[in-house]
Amino acid sequence: MIDILIAILSTIGAFAIFFASLGILRMPDFYLRLSVTVKAATMGVGLLLLCAAIIFPDISVSTKALAITFFLIITSPIAAHMIGRAAYFTGTPLWKNTIIDELAGMYDKENHRLRNSDEMPEPQGEEDQIADTEEETK
Amino acid sequence: MTLETYFDYFILPILTISVILVFIRLIKGPKVVDRVIALDLIITIGIGIITIFTIRSNQKVLLDVAIMLALIAFLGTVAFSFYNRKKRR
């Protein structure tokens with residue numbers, strides 16, 4: 001009975017990791033790739049660690065598995081936020097079929113602050129970062 | 001089919017194929033940030049592989065390595081983005 005439970009959990013976890021890696025290979029844009037990796041990989045590794053915690057009847061393994069899961073869930077959104085912000089500042093282009101880039105012209109390029117919407121100039125003067133061709137982001 | 005053969009012939013090959021797919025992105029990624037998130041994902045999948053190997057080899061000590069890898073992956077990504085912000089300034 002518990003073998004079936006472990007088999008189901010590990011299968012879901014392995015497929016979550018597999019879909020994350022498929023997404024990072026096939027998605028057309030850096031930001032879409034980033035959104036795929038964090039969620040799926042965290043869920044997959046969490047389920048595999050849950051399998052280990054169920055199999056070993058030992059409290060040290062459960063504590064370590066809980067610690068790793070907690071650490072991944074806490075830190076991976078922070079890392080994704082920081083790397084996405086750095087990517088936007090360094091001018092990584094968006095996908096060419098992106099409908100709207102709401103951050104275009106809103107960032108102060110000098111001190112990296114987000115401007116207030118009241119003191120905004122009209123946004124159509126600024127150029128956005130949406131790519132023109134498919135090859136720029138591929 | 002026992003659980004051991006299931007781990008050996010189904011779960012571990014899927015994780016290995018995942019690492020190979022991410023490695024293609026690591027090689028061809030057009031920008032540096034693509035490579036950074038690919039490396040981050042490779043280390044995260046490595047934690048999963050270490051977990052399965054812990055189950056198969058019955059060595060509980062190997063989970064400590066997984067804790068170390070989780071720490072180092074986060075620090076690497078954050079350090080890169082911080083350095084990138086400093087460089088632009």
# chains A, B, ... in the order shown; residues from 1 in each chain; ligands from 1
$ residues_around --residues "A:Tyr88" --least-positions-apart "2" --cutoff "10 Å" --atoms "only C-alpha atoms" --output "PyMOL selection string"
chain A and resi 30-31+82-86+90-94+103-104+107+129
$ write_last_selection --atoms "C-alpha atoms" --output "compact mmCIF listing (two decimals), in the first residue's frame"
# COMPACT_ATOMS: atom_id res chain seq x y z
CA PHE A 30 13.67 34.49 -20.92
CA TYR A 31 10.81 35.59 -18.67
CA MET A 82 16.28 39.25 -8.40
CA ILE A 83 17.36 37.57 -11.62
CA GLY A 84 14.28 38.82 -13.45
CA ARG A 85 14.92 42.36 -12.28
CA ALA A 86 18.57 42.18 -13.31
CA THR A 90 20.33 44.69 -18.73
CA GLY A 91 17.89 44.87 -21.62
CA THR A 92 16.83 41.29 -22.20
CA PRO A 93 14.17 41.46 -24.93
CA LEU A 94 10.66 40.16 -24.46
CA LEU A 103 7.29 48.45 -17.24
CA ALA A 104 8.43 50.25 -20.40
CA TYR A 107 12.11 52.55 -14.44
CA GLN A 129 11.89 45.95 -24.90
$ interface_residues --of "chain A" --to "chain B" --cutoff "6 Å" --atoms "only C-alpha atoms" --output "short mmCIF file (atom, residue, chain, number, x, y, z; two decimals) with C-alpha atoms, in the first residue's frame"
data_model
loop_
_atom_site.label_atom_id
_atom_site.label_comp_id
_atom_site.auth_asym_id
_atom_site.auth_seq_id
_atom_site.Cartn_x
_atom_site.Cartn_y
_atom_site.Cartn_z
CA PHE A 18 10.65 16.86 -16.62
CA SER A 21 13.19 21.14 -18.16
CA LEU A 25 14.21 24.36 -23.50
CA VAL A 45 11.89 18.27 -5.66
CA ILE A 68 15.44 21.37 2.22
CA ALA A 79 16.23 34.39 -6.54
CA ILE A 83 17.36 37.57 -11.62
CA ALA A 86 18.57 42.18 -13.31
#
